[in-house]
$ cat upload07.tsv   # TSV, C-alpha atoms
chain	number	residue	atom	x	y	z
A	478	MET	CA	-41.86	-37.37	-16.00
A	479	ILE	CA	-45.53	-38.11	-16.57
A	480	GLN	CA	-46.10	-34.54	-17.70
A	481	TRP	CA	-43.22	-34.83	-20.16
A	482	TRP	CA	-44.59	-38.12	-21.53
A	483	ASN	CA	-48.11	-36.75	-21.91
A	484	GLY	CA	-46.71	-33.82	-23.87
A	485	ILE	CA	-45.13	-36.03	-26.53
A	486	PRO	CA	-47.18	-36.30	-29.76
A	487	SER	CA	-48.70	-39.72	-30.44
A	488	PHE	CA	-46.63	-40.18	-33.59
A	489	GLU	CA	-43.36	-39.65	-31.70
A	490	LYS	CA	-44.47	-41.96	-28.87
A	491	VAL	CA	-44.52	-44.87	-31.31
A	492	PHE	CA	-40.78	-44.47	-31.81
A	493	TRP	CA	-40.17	-44.20	-28.07
A	494	TYR	CA	-41.94	-47.55	-27.66
A	495	PHE	CA	-39.27	-49.06	-29.91
A	496	ALA	CA	-36.26	-47.01	-28.79
A	497	ILE	CA	-36.43	-47.56	-25.03
A	498	PRO	CA	-36.88	-51.36	-24.72
A	499	PHE	CA	-34.64	-52.26	-27.66
A	500	SER	CA	-31.91	-49.90	-26.45
A	501	VAL	CA	-32.00	-51.59	-23.05
A	502	VAL	CA	-31.77	-55.05	-24.66
A	503	PHE	CA	-28.95	-53.84	-26.91
A	504	ILE	CA	-26.94	-52.50	-23.95
A	505	ILE	CA	-27.50	-55.71	-21.98
A	506	GLN	CA	-26.38	-57.70	-25.01
A	507	LEU	CA	-23.16	-55.68	-25.21
A	508	ILE	CA	-22.46	-56.08	-21.50
A	509	LEU	CA	-23.01	-59.83	-21.61
A	510	THR	CA	-20.79	-60.07	-24.68
A	511	PHE	CA	-17.83	-58.44	-22.95
A	512	MET	CA	-18.42	-60.20	-19.61
A	513	GLY	CA	-18.96	-63.64	-21.10
A	514	MET	CA	-15.55	-64.25	-22.67
A	515	ASN	CA	-14.38	-67.77	-21.79
A	516	ASP	CA	-11.55	-68.43	-24.20
A	517	ASP	CA	-9.45	-70.38	-21.68
A	518	THR	CA	-12.31	-72.05	-19.82
A	519	ASP	CA	-12.08	-75.82	-19.75
A	520	VAL	CA	-13.91	-78.04	-17.29
A	521	GLY	CA	-11.66	-80.98	-17.93
A	522	ASP	CA	-14.02	-83.21	-19.89
A	523	ASP	CA	-11.95	-84.96	-22.54
A	524	HIS	CA	-14.84	-86.90	-24.08
A	525	SER	CA	-15.20	-86.28	-27.79
A	526	MET	CA	-17.53	-87.88	-30.34
A	527	PHE	CA	-15.18	-86.96	-33.17
A	528	ASP	CA	-11.48	-87.31	-33.53
A	529	HIS	CA	-9.74	-84.24	-34.90
A	530	SER	CA	-7.98	-86.28	-37.55
A	531	ASP	CA	-11.12	-87.70	-39.14
A	532	ALA	CA	-13.54	-84.82	-38.61
A	533	HIS	CA	-13.15	-83.78	-42.22
A	534	ASP	CA	-14.83	-87.04	-43.28
A	535	LEU	CA	-18.11	-86.01	-41.64
A	536	ASP	CA	-20.86	-85.20	-44.10
A	537	LEU	CA	-24.17	-83.41	-43.55
A	538	ASP	CA	-27.45	-85.12	-44.31
A	539	SER	CA	-28.34	-82.25	-46.57
A	540	GLY	CA	-25.62	-83.37	-48.94
A	541	GLU	CA	-24.13	-79.91	-49.23
A	542	SER	CA	-20.40	-79.45	-49.30
A	543	LEU	CA	-18.92	-77.77	-46.28
A	544	ASP	CA	-16.81	-75.61	-48.55
A	545	GLY	CA	-18.33	-72.15	-48.75
A	546	MET	CA	-20.96	-73.01	-46.15
A	547	SER	CA	-20.58	-69.63	-44.46
A	548	SER	CA	-23.33	-67.35	-45.69
A	549	PHE	CA	-24.55	-63.80	-45.27
A	550	HIS	CA	-27.05	-63.88	-42.37
A	551	PHE	CA	-29.19	-60.74	-42.47
A	552	PHE	CA	-32.25	-61.70	-40.41
A	553	THR	CA	-30.92	-62.62	-36.98
A	554	VAL	CA	-31.98	-61.77	-33.43
A	555	ARG	CA	-28.98	-59.48	-33.04
A	556	ASN	CA	-29.82	-57.62	-36.24
A	557	PHE	CA	-33.47	-57.17	-35.31
A	558	ILE	CA	-32.43	-55.62	-32.00
A	559	ILE	CA	-30.07	-53.27	-33.83
A	560	PHE	CA	-32.71	-52.41	-36.44
A	561	PHE	CA	-35.41	-51.42	-33.96
A	562	THR	CA	-32.92	-49.51	-31.81
A	563	VAL	CA	-31.81	-47.43	-34.80
A	564	PHE	CA	-35.39	-47.21	-36.08
A	565	GLY	CA	-36.64	-45.84	-32.78
A	566	TRP	CA	-33.98	-43.20	-32.20
A	567	THR	CA	-33.98	-42.07	-35.83
A	568	GLY	CA	-37.74	-41.63	-35.65
A	569	ILE	CA	-37.45	-39.58	-32.48
A	570	VAL	CA	-34.85	-37.31	-34.07
A	571	GLY	CA	-36.93	-37.00	-37.24
A	572	ALA	CA	-40.10	-36.18	-35.31
A	573	ASN	CA	-38.26	-33.43	-33.44
A	574	SER	CA	-36.70	-32.05	-36.63
A	575	ASN	CA	-40.03	-31.04	-38.16
A	576	LEU	CA	-39.80	-33.73	-40.85
A	577	SER	CA	-43.04	-35.09	-42.23
A	578	ASN	CA	-44.33	-38.36	-40.80
A	579	THR	CA	-43.76	-40.14	-44.09
A	580	VAL	CA	-40.16	-38.95	-44.41
A	581	THR	CA	-39.46	-39.82	-40.78
A	582	ILE	CA	-40.73	-43.39	-41.20
A	583	ILE	CA	-38.85	-43.94	-44.47
A	584	LEU	CA	-35.63	-42.50	-43.04
A	585	SER	CA	-35.91	-44.63	-39.89
A	586	ILE	CA	-36.41	-47.82	-41.89
A	587	LEU	CA	-33.57	-47.05	-44.27
A	588	LEU	CA	-31.06	-46.25	-41.54
A	589	GLY	CA	-32.11	-49.35	-39.61
A	590	LEU	CA	-31.57	-51.56	-42.66
A	591	ILE	CA	-28.23	-49.90	-43.46
A	592	VAL	CA	-26.88	-50.53	-39.97
A	593	MET	CA	-28.18	-54.12	-40.12
A	594	ALA	CA	-26.34	-54.63	-43.39
A	595	ILE	CA	-23.12	-53.16	-41.99
A	596	VAL	CA	-23.19	-55.40	-38.91
A	597	SER	CA	-24.05	-58.48	-40.99
A	598	GLY	CA	-21.20	-57.63	-43.35
A	599	ILE	CA	-18.74	-57.41	-40.48
A	600	PHE	CA	-19.67	-60.86	-39.19
A	601	TYR	CA	-19.71	-62.27	-42.71
A	602	LEU	CA	-16.17	-61.03	-43.36
A	603	THR	CA	-15.10	-62.45	-40.01
A	604	ASN	CA	-16.43	-65.86	-41.02
A	605	LYS	CA	-14.65	-65.59	-44.36
A	606	LEU	CA	-11.40	-65.19	-42.46
A	607	VAL	CA	-12.14	-68.55	-40.89
A	608	GLU	CA	-12.67	-70.13	-44.31
A	609	ASN	CA	-9.45	-68.62	-45.65
A	610	GLY	CA	-7.48	-70.20	-42.85
A	611	THR	CA	-6.49	-66.89	-41.26
A	612	MET	CA	-8.09	-68.10	-38.04
A	613	SER	CA	-7.57	-71.69	-36.91
A	614	LEU	CA	-10.66	-73.28	-35.40
A	615	ALA	CA	-8.41	-75.93	-33.87
A	616	ASN	CA	-7.79	-73.38	-31.11
A	617	ALA	CA	-11.46	-73.63	-30.15
A	618	MET	CA	-11.21	-77.28	-29.08
A	619	HIS	CA	-12.68	-77.85	-25.59
A	620	CYS	CA	-13.71	-74.20	-25.29
A	621	ILE	CA	-17.11	-73.27	-23.89
A	622	GLY	CA	-19.52	-71.10	-25.88
A	623	GLU	CA	-23.17	-70.16	-26.22
A	624	VAL	CA	-25.58	-71.08	-28.99
A	625	TYR	CA	-26.65	-68.06	-31.02
A	626	ILE	CA	-28.72	-69.78	-33.73
A	627	THR	CA	-30.30	-73.14	-32.80
A	628	ILE	CA	-28.27	-76.17	-33.89
A	629	PRO	CA	-30.34	-78.99	-35.47
A	630	ALA	CA	-30.07	-82.50	-34.02
A	631	ASN	CA	-28.15	-85.44	-35.48
A	632	GLY	CA	-26.05	-83.41	-37.91
A	633	ASN	CA	-29.09	-82.29	-39.91
A	634	GLY	CA	-27.74	-78.84	-40.65
A	635	VAL	CA	-25.81	-76.10	-38.90
A	636	GLY	CA	-26.52	-73.36	-36.41
A	637	LYS	CA	-24.24	-70.74	-34.92
A	638	VAL	CA	-22.40	-70.35	-31.64
A	639	SER	CA	-20.77	-67.37	-29.97
A	640	ILE	CA	-17.30	-68.28	-28.70
A	641	THR	CA	-14.11	-66.46	-27.85
A	642	LEU	CA	-11.35	-67.50	-30.23
A	643	GLN	CA	-7.86	-66.04	-30.48
A	644	GLY	CA	-8.78	-63.16	-28.20
A	645	SER	CA	-11.97	-62.10	-30.00
A	646	LEU	CA	-15.62	-63.05	-29.65
A	647	ARG	CA	-16.70	-64.84	-32.83
A	648	GLU	CA	-19.93	-66.19	-34.26
A	649	ILE	CA	-19.07	-69.50	-35.92
A	650	GLU	CA	-21.20	-72.12	-37.63
A	651	ALA	CA	-21.60	-75.31	-35.62
A	652	MET	CA	-23.28	-78.69	-35.78
A	653	THR	CA	-23.95	-81.54	-33.36
A	654	GLU	CA	-24.49	-85.27	-33.58
A	655	GLY	CA	-26.63	-85.22	-30.45
A	656	ASP	CA	-29.97	-83.65	-29.60
A	657	GLU	CA	-30.97	-80.21	-30.82
A	658	ILE	CA	-29.22	-77.41	-28.95
A	659	LYS	CA	-31.36	-74.32	-28.62
A	660	SER	CA	-30.36	-70.67	-28.67
A	661	GLY	CA	-28.94	-69.51	-25.33
A	662	GLU	CA	-27.70	-72.94	-24.22
A	663	LEU	CA	-24.05	-73.58	-23.43
A	664	ILE	CA	-21.92	-75.87	-25.58
A	665	LYS	CA	-18.46	-77.39	-25.57
A	666	VAL	CA	-16.39	-77.71	-28.74
A	667	ILE	CA	-15.42	-81.35	-29.38
A	668	GLY	CA	-14.36	-81.29	-33.03
A	669	VAL	CA	-13.74	-79.21	-36.15
A	670	VAL	CA	-14.80	-79.88	-39.74
A	671	ASN	CA	-12.55	-78.50	-42.50
A	672	ASN	CA	-11.59	-75.52	-40.31
A	673	GLN	CA	-15.05	-74.10	-41.07
A	674	VAL	CA	-17.64	-75.73	-38.82
A	675	LEU	CA	-17.38	-76.57	-35.14
A	676	VAL	CA	-18.68	-79.88	-33.82
A	677	VAL	CA	-20.22	-79.26	-30.40
A	678	GLU	CA	-22.12	-80.96	-27.64
A	679	LYS	CA	-24.50	-79.53	-25.07
A	680	HIS	CA	-22.71	-78.50	-21.91
A	681	SER	CA	-24.12	-79.86	-18.68
A	682	LYS	CA	-22.85	-77.16	-16.35
A	683	SER	CA	-24.48	-73.80	-15.78
A	684	TYR	CA	-22.91	-70.51	-16.84
A	685	LYS	CA	-22.67	-69.47	-13.20
A	686	LEU	CA	-20.77	-72.64	-12.25
A	687	ILE	CA	-18.38	-72.24	-15.16
A	688	LYS	CA	-17.58	-68.67	-14.11
A	689	GLU	CA	-16.93	-69.84	-10.54
A	690	GLU	CA	-14.56	-72.54	-11.75
A	691	ALA	CA	-12.74	-70.04	-13.96
A	692	TYR	CA	-11.92	-67.96	-10.91
$ encode --input "upload07.tsv" --output "structure tokens"
Amino acid sequence: MIQWWNGIPSFEKVFWYFAIPFSVVFIIQLILTFMGMNDDTDVGDDHSMFDHSDAHDLDLDSGESLDGMSSFHFFTVRNFIIFFTVFGWTGIVGANSNLSNTVTIILSILLGLIVMAIVSGIFYLTNKLVENGTMSLANAMHCIGEVYITIPANGNGVGKVSITLQGSLREIEAMTEGDEIKSGELIKVIGVVNNQVLVVEKHSKSYKLIKEEAY
């Protein structure tokens, strides 16, 4: 193994430095995505800061209308992982295909950006389905999810949560009237605004405990 590594040109090693760790993170991310589906999980807490009937009256401090709030998110943690994974493996293939260093770098960057754009487009279209009413966010009430993009405190903007809804894992915009909820923390859905934005609160139980209760 050491002999093989020492025989790799320095230029190609740079791409291995990206390909190996980001591929591992990408695989772990996929595994956790498929293992972490909790669409029917409910810990029995009926407390809600917002009533479903008047949630549409909630307004953000930014003054922006909730209509059309879903946007095309290109620079996310998920996309960076995908970019560097594609960048690394494309560079390795290019370096072993006798392409020039310049062409290899350009090709790796382009393919990485293209895949990022495709993935972002898929999630954007998914969110548009929410806005068009194809998917009812009312079904997410009391479900448990995980914060993907940090949610600002006191309704001062929106973040994103990963939650299983209608049999599929979705990334949906969310807000909270409580303290800031950081990426990776668990949340519980307690309200819905205009069938576009979830109102959530920080969940007090650990992921491990929730899984034990589910079984």
$ atom_distance --input "upload07.tsv" --atom1 "atom CA of Tyr625 of chain A" --atom2 "atom CA of Ile497 of chain A"
23.5 Å
$ residues_around --input "upload07.tsv" --residues "Phe499 of chain A" --least-positions-apart "4" --cutoff "7 Å" --atoms "all atoms listed in the file" --output "PyMOL selection string"
chain A and resi 495+503+558+561-562
$ closest_residue --input "upload07.tsv" --among "A:Asn578, A:Gln673, A:Asn631, A:Asn483" --to "Glu654 of chain A" --atoms "all atoms listed in the file"
A:Asn631
$ atom_distance --input "upload07.tsv" --atom1 "atom CA of Lys659 of chain A" --atom2 "atom CA of Asn633 of chain A"
14.0 Å
$ closest_residue --input "upload07.tsv" --among "A:Thr603, A:Ser660, A:Gln506, A:Ser500" --to "Gly636 of chain A" --atoms "all atoms listed in the file"
A:Ser660
$ atom_distance --input "upload07.tsv" --atom1 "atom CA of Thr641 of chain A" --atom2 "atom CA of Glu623 of chain A"
9.9 Å
$ closest_residue --input "upload07.tsv" --among "A:Asn671, A:Ile479, A:His680, A:Gly565" --to "Thr581 of chain A" --atoms "all atoms listed in the file"
A:Gly565
$ closest_residue --input "upload07.tsv" --among "A:Val677, A:Ile628, A:Ile649, A:Val570" --to "Phe600 of chain A" --atoms "all atoms listed in the file"
A:Ile649
$ closest_residue --input "upload07.tsv" --among "A:Met478, A:Val501, A:Ile569, A:Met652" --to "Ile664 of chain A" --atoms "all atoms listed in the file"
A:Met652
$ closest_residue --input "upload07.tsv" --among "A:Ile559, A:Ala572, A:Met618, A:Ile504" --to "Ile595 of chain A" --atoms "all atoms listed in the file"
A:Ile559
$ residues_around --input "upload07.tsv" --residues "Gly655 of chain A" --least-positions-apart "3" --cutoff "8 Å" --atoms "all atoms listed in the file" --output "JSON, numbers by chain"
{"A": [630, 631, 632, 678]}
$ residues_around --input "upload07.tsv" --residues "Ala617 of chain A" --least-positions-apart "6" --cutoff "9 Å" --atoms "all atoms listed in the file" --output "ChimeraX atom specification"
/A:516,640-643,666-669,675
$ write_last_selection --input "upload07.tsv" --atoms "C-alpha atoms" --output "JSON list (two decimals), keeping the file's coordinate frame"
[["chain", "number", "residue", "atom", "x", "y", "z"],
["A", 516, "ASP", "CA", -11.55, -68.43, -24.20],
["A", 640, "ILE", "CA", -17.30, -68.28, -28.70],
["A", 641, "THR", "CA", -14.11, -66.46, -27.85],
["A", 642, "LEU", "CA", -11.35, -67.50, -30.23],
["A", 643, "GLN", "CA", -7.86, -66.04, -30.48],
["A", 666, "VAL", "CA", -16.39, -77.71, -28.74],
["A", 667, "ILE", "CA", -15.42, -81.35, -29.38],
["A", 668, "GLY", "CA", -14.36, -81.29, -33.03],
["A", 669, "VAL", "CA", -13.74, -79.21, -36.15],
["A", 675, "LEU", "CA", -17.38, -76.57, -35.14]]
$ residues_around --input "upload07.tsv" --residues "Thr553 of chain A" --least-positions-apart "3" --cutoff "9 Å" --atoms "only C-alpha atoms" --output "PyMOL selection string"
chain A and resi 550+556-558+597+626
$ residues_around --input "upload07.tsv" --residues "Ile582 of chain A" --least-positions-apart "4" --cutoff "12 Å" --atoms "only C-alpha atoms" --output "list in words"
Phe488, Glu489, Val491, Phe492, Val563, Phe564, Gly565, Trp566, Thr567, Gly568, Ile569, Val570, Gly571, Ala572, Leu576, Ser577, Asn578, Ile586, Leu587, Leu588 and Gly589 of chain A
$ write_last_selection --input "upload07.tsv" --atoms "C-alpha atoms" --output "CSV table (one decimal), in the coordinates of the input"
chain,number,residue,atom,x,y,z
A,488,PHE,CA,-46.6,-40.2,-33.6
A,489,GLU,CA,-43.4,-39.6,-31.7
A,491,VAL,CA,-44.5,-44.9,-31.3
A,492,PHE,CA,-40.8,-44.5,-31.8
A,563,VAL,CA,-31.8,-47.4,-34.8
A,564,PHE,CA,-35.4,-47.2,-36.1
A,565,GLY,CA,-36.6,-45.8,-32.8
A,566,TRP,CA,-34.0,-43.2,-32.2
A,567,THR,CA,-34.0,-42.1,-35.8
A,568,GLY,CA,-37.7,-41.6,-35.6
A,569,ILE,CA,-37.4,-39.6,-32.5
A,570,VAL,CA,-34.8,-37.3,-34.1
A,571,GLY,CA,-36.9,-37.0,-37.2
A,572,ALA,CA,-40.1,-36.2,-35.3
A,576,LEU,CA,-39.8,-33.7,-40.8
A,577,SER,CA,-43.0,-35.1,-42.2
A,578,ASN,CA,-44.3,-38.4,-40.8
A,586,ILE,CA,-36.4,-47.8,-41.9
A,587,LEU,CA,-33.6,-47.0,-44.3
A,588,LEU,CA,-31.1,-46.2,-41.5
A,589,GLY,CA,-32.1,-49.4,-39.6
